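Undergrad: Got a file for you: my_file.txt, compact mmCIF, C-alpha atoms and all ligand atoms.
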```txt
# COMPACT_ATOMS: atom_id res chain seq x y z
CA MET X 157 -89.02 -222.25 50.63
CA SER X 158 -90.46 -221.65 47.18
CA TYR X 159 -90.12 -218.30 45.43
CA ASP X 160 -93.05 -215.90 45.86
CA PRO X 161 -93.42 -213.89 42.63
CA GLN X 162 -95.49 -211.32 44.52
CA ASN X 163 -92.59 -210.21 46.74
CA ILE X 164 -91.78 -206.51 46.56
CA PHE X 165 -88.48 -206.90 44.71
CA ALA X 166 -90.12 -209.08 42.05
CA LYS X 167 -92.63 -206.26 41.57
CA ILE X 168 -89.77 -203.76 41.23
CA LEU X 169 -88.10 -205.99 38.61
CA ARG X 170 -91.38 -206.15 36.68
CA GLN X 171 -91.66 -202.33 37.05
CA GLU X 172 -95.01 -202.71 38.78
CA ILE X 173 -93.73 -200.44 41.53
CA PRO X 174 -91.03 -197.78 41.21
CA CYS X 175 -87.54 -197.69 42.66
CA LYS X 176 -84.75 -195.14 42.81
CA LYS X 177 -82.51 -196.94 40.33
CA ILE X 178 -78.73 -196.64 40.57
CA LEU X 179 -77.52 -199.05 37.87
CA GLU X 180 -78.78 -202.04 35.93
CA ASN X 181 -77.27 -204.68 33.68
CA GLN X 182 -78.38 -208.01 32.26
CA TRP X 183 -77.84 -209.77 35.58
CA ALA X 184 -78.91 -207.38 38.28
CA LEU X 185 -80.55 -204.17 39.39
CA ALA X 186 -79.28 -201.74 42.03
CA PHE X 187 -81.49 -199.17 43.73
CA HIS X 188 -81.63 -197.08 46.88
CA ASP X 189 -83.17 -198.65 49.98
CA ILE X 190 -86.49 -197.02 50.86
CA ASN X 191 -85.50 -196.90 54.55
CA PRO X 192 -81.78 -196.05 54.50
CA ARG X 193 -79.74 -197.04 57.57
CA ALA X 194 -76.65 -195.11 56.39
CA PRO X 195 -76.04 -192.02 54.22
CA ILE X 196 -75.66 -194.44 51.33
CA HIS X 197 -77.75 -197.61 51.47
CA ALA X 198 -78.13 -199.47 48.19
CA LEU X 199 -79.70 -202.81 47.40
CA VAL X 200 -78.50 -205.12 44.64
CA ILE X 201 -80.82 -207.85 43.44
CA PRO X 202 -80.34 -210.52 40.77
CA LYS X 203 -82.86 -210.51 37.95
CA GLY X 204 -83.47 -214.22 38.41
CA ALA X 205 -85.97 -215.58 40.92
CA TYR X 206 -83.94 -216.67 43.96
CA VAL X 207 -85.27 -216.67 47.50
CA SER X 208 -81.95 -216.47 49.34
CA SER X 209 -78.20 -216.56 48.96
CA ALA X 210 -78.21 -220.35 49.37
CA ASP X 211 -80.84 -220.64 46.64
CA PHE X 212 -78.78 -218.31 44.40
CA TYR X 213 -75.53 -220.25 44.89
CA ALA X 214 -77.28 -223.60 44.37
CA ARG X 215 -79.32 -222.81 41.27
CA ALA X 216 -77.82 -219.84 39.43
CA ARG X 217 -75.46 -220.47 36.51
CA ASP X 218 -71.79 -219.65 37.08
CA GLU X 219 -71.96 -216.69 34.66
CA GLU X 220 -74.99 -215.37 36.53
CA ILE X 221 -73.17 -215.52 39.88
CA ALA X 222 -70.05 -213.92 38.41
CA GLY X 223 -72.15 -211.32 36.61
CA PHE X 224 -74.02 -210.47 39.79
CA TYR X 225 -70.94 -210.02 41.99
CA ARG X 226 -69.02 -208.07 39.33
CA PHE X 227 -72.05 -205.81 39.16
CA VAL X 228 -71.94 -205.32 42.95
CA GLY X 229 -68.38 -204.10 42.43
CA GLU X 230 -69.54 -201.74 39.68
CA VAL X 231 -72.19 -200.29 41.96
CA VAL X 232 -69.61 -199.76 44.72
CA ALA X 233 -67.37 -197.93 42.23
CA HIS X 234 -70.31 -195.92 40.86
CA LEU X 235 -71.19 -194.78 44.38
CA GLU X 236 -67.50 -193.85 44.95
CA LEU X 237 -67.28 -196.08 48.00
CA GLU X 238 -64.06 -197.93 47.20
CA ALA X 239 -61.69 -195.39 48.73
CA PRO X 240 -63.65 -194.47 51.88
CA GLY X 241 -64.83 -198.03 52.44
CA TYR X 242 -68.22 -199.64 52.78
CA ARG X 243 -70.03 -202.72 54.05
CA LEU X 244 -71.77 -205.53 52.18
CA LEU X 245 -74.51 -207.43 54.00
CA SER X 246 -76.95 -210.15 53.05
CA ASN X 247 -79.65 -211.13 55.52
CA CYS X 248 -80.76 -214.73 55.09
CA GLY X 249 -83.72 -216.49 56.63
CA VAL X 250 -85.36 -215.94 59.99
CA ASN X 251 -82.24 -215.56 62.15
CA GLY X 252 -80.66 -213.33 59.53
CA GLY X 253 -83.67 -211.02 59.67
CA GLN X 254 -84.48 -211.30 55.96
CA GLU X 255 -87.68 -209.38 55.23
CA VAL X 256 -87.91 -209.64 51.45
CA PRO X 257 -87.71 -213.20 50.05
CA HIS X 258 -85.74 -212.28 46.93
CA PHE X 259 -81.97 -212.60 47.36
CA HIS X 260 -80.30 -209.21 47.81
CA VAL X 261 -77.08 -207.61 48.95
CA HIS X 262 -77.08 -204.39 50.94
CA ILE X 263 -74.30 -201.84 50.35
CA PHE X 264 -73.79 -199.37 53.19
CA GLY X 265 -71.47 -196.37 53.14
CA GLY X 266 -71.04 -192.66 53.59
CA ARG X 267 -69.82 -192.75 57.19
CA ALA X 268 -67.82 -194.95 59.56
CA LEU X 269 -70.22 -197.84 60.11
CA GLY X 270 -69.12 -198.96 63.55
CA PRO X 271 -69.17 -202.52 64.88
CA MET X 272 -70.31 -205.32 62.61
CA LEU X 273 -73.23 -206.23 64.89
CA ALA X 274 -75.08 -204.20 67.51
CA ASN X 275 -74.01 -206.56 70.30
CA ALA X 276 -72.51 -209.97 70.80
CA GLY X 277 -75.35 -211.42 72.87
P1 LIG X 301 -83.83 -207.50 54.37
O1 LIG X 301 -84.18 -207.36 55.82
O2 LIG X 301 -82.39 -207.84 54.17
O3 LIG X 301 -84.78 -208.44 53.65
O4 LIG X 301 -83.98 -206.05 53.76
C1 LIG X 301 -85.02 -205.65 52.94
C2 LIG X 301 -84.79 -204.20 52.65
O5 LIG X 301 -85.67 -203.81 51.62
C3 LIG X 301 -85.04 -203.26 53.83
O6 LIG X 301 -83.86 -202.54 54.13
C4 LIG X 301 -86.17 -202.35 53.33
O7 LIG X 301 -86.03 -201.02 53.78
C5 LIG X 301 -86.02 -202.45 51.83
N1 LIG X 301 -87.21 -202.21 51.05
C6 LIG X 301 -88.46 -202.71 51.25
N2 LIG X 301 -89.30 -202.28 50.30
C7 LIG X 301 -88.58 -201.47 49.48
C8 LIG X 301 -88.87 -200.73 48.31
N3 LIG X 301 -90.11 -200.69 47.78
N4 LIG X 301 -87.89 -200.01 47.73
C9 LIG X 301 -86.65 -200.03 48.24
N5 LIG X 301 -86.30 -200.72 49.34
C10 LIG X 301 -87.24 -201.44 49.95
```
When written as structure tokens, how does the structure in this file appear?
Ligand code: AMP

TA:
Amino acid sequence: MSYDPQNIFAKILRQEIPCKKILENQWALAFHDINPRAPIHALVIPKGAYVSSADFYARARDEEIAGFYRFVGEVVAHLELEAPGYRLLSNCGVNGGQEVPHFHVHIFGGRALGPMLANAG
């Protein structure tokens, strides 16, 4: 799947549409999800154009991957989620339920999050 530069997160990166920014560095941007599924629901996106996690791991430079995941840790600390705990999630492809074709990691927190998946079926 080729990268669609008109996806909503690409538009956020280009500041064509607004976001509720949490933190930003040279590698990534973190902002609040527009439709939060937990008291804290953040999204972290790399600044590079990657469709999915597989695309990111295959094409991104090592320093970009390290920079991205260290930044995820910084966002978790900034949101004060380390002590109470949190969940990281990345939906990939059709079965993963990925809606936006720009690689992203969800950070959920602010309450006990319950089972990992809604059911095992
Ligand atoms: P996913 O299903 O993993 O692709 O999740 C995409 C997420 O992006 C969903 O949780 C949406 O609520 C969120 N989202 C879509 N548009 C926006 C936006 N403009 N600002 C912030 N979050 C968004």

Undergrad: 10 Å from ligand LIG 301 (chain X) is the threshold here; counting only C-alpha atoms and all ligand atoms, which polymer residues fall inside it? Answer as a ChimeraX atom specification.

TA: /X:163-165,167-168,173-177,186-193,197-199,208,245-250,252-262

Undergrad: Could you check the closest approach to Pro202 (chain X) for each of X:Leu185, X:Leu269, X:Ala222, X:Leu179 and tell me which residue wins, using all atoms listed in the file?

TA: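 Answer, going by the shortest atom-to-atom distance: X:Leu185.
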
Undergrad: Quick one: distance from CA of Pro195 (chain X) to CA of Phe264 (chain X) in Å, one decimal?

TA: 7.8 Å

Undergrad: Figure out the distance between CA of Trp183 (chain X) and CA of Ala166 (chain X), please, to one decimal in Å.

TA: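 For CA of Ala166 (chain X) relative to CA of Trp183 (chain X), the distance reads 13.9 Å.
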
Undergrad: Report, in Å with one decimal, the straight-line distance from CA of Phe227 (chain X) to CA of Asn181 (chain X).

TA: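 Between CA of Phe227 (chain X) and CA of Asn181 (chain X) the gap works out to 7.7 Å.
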
Undergrad: Restricting the calculation to only C-alpha atoms, which member of X:Ala268, X:Tyr225, X:Ser158, X:Asn275 is positioned closest to Asp211 (chain X)?

TA: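 Comparing X:Ala268, X:Tyr225, X:Ser158, X:Asn275 against Asp211 (chain X), the winner is X:Ser158.
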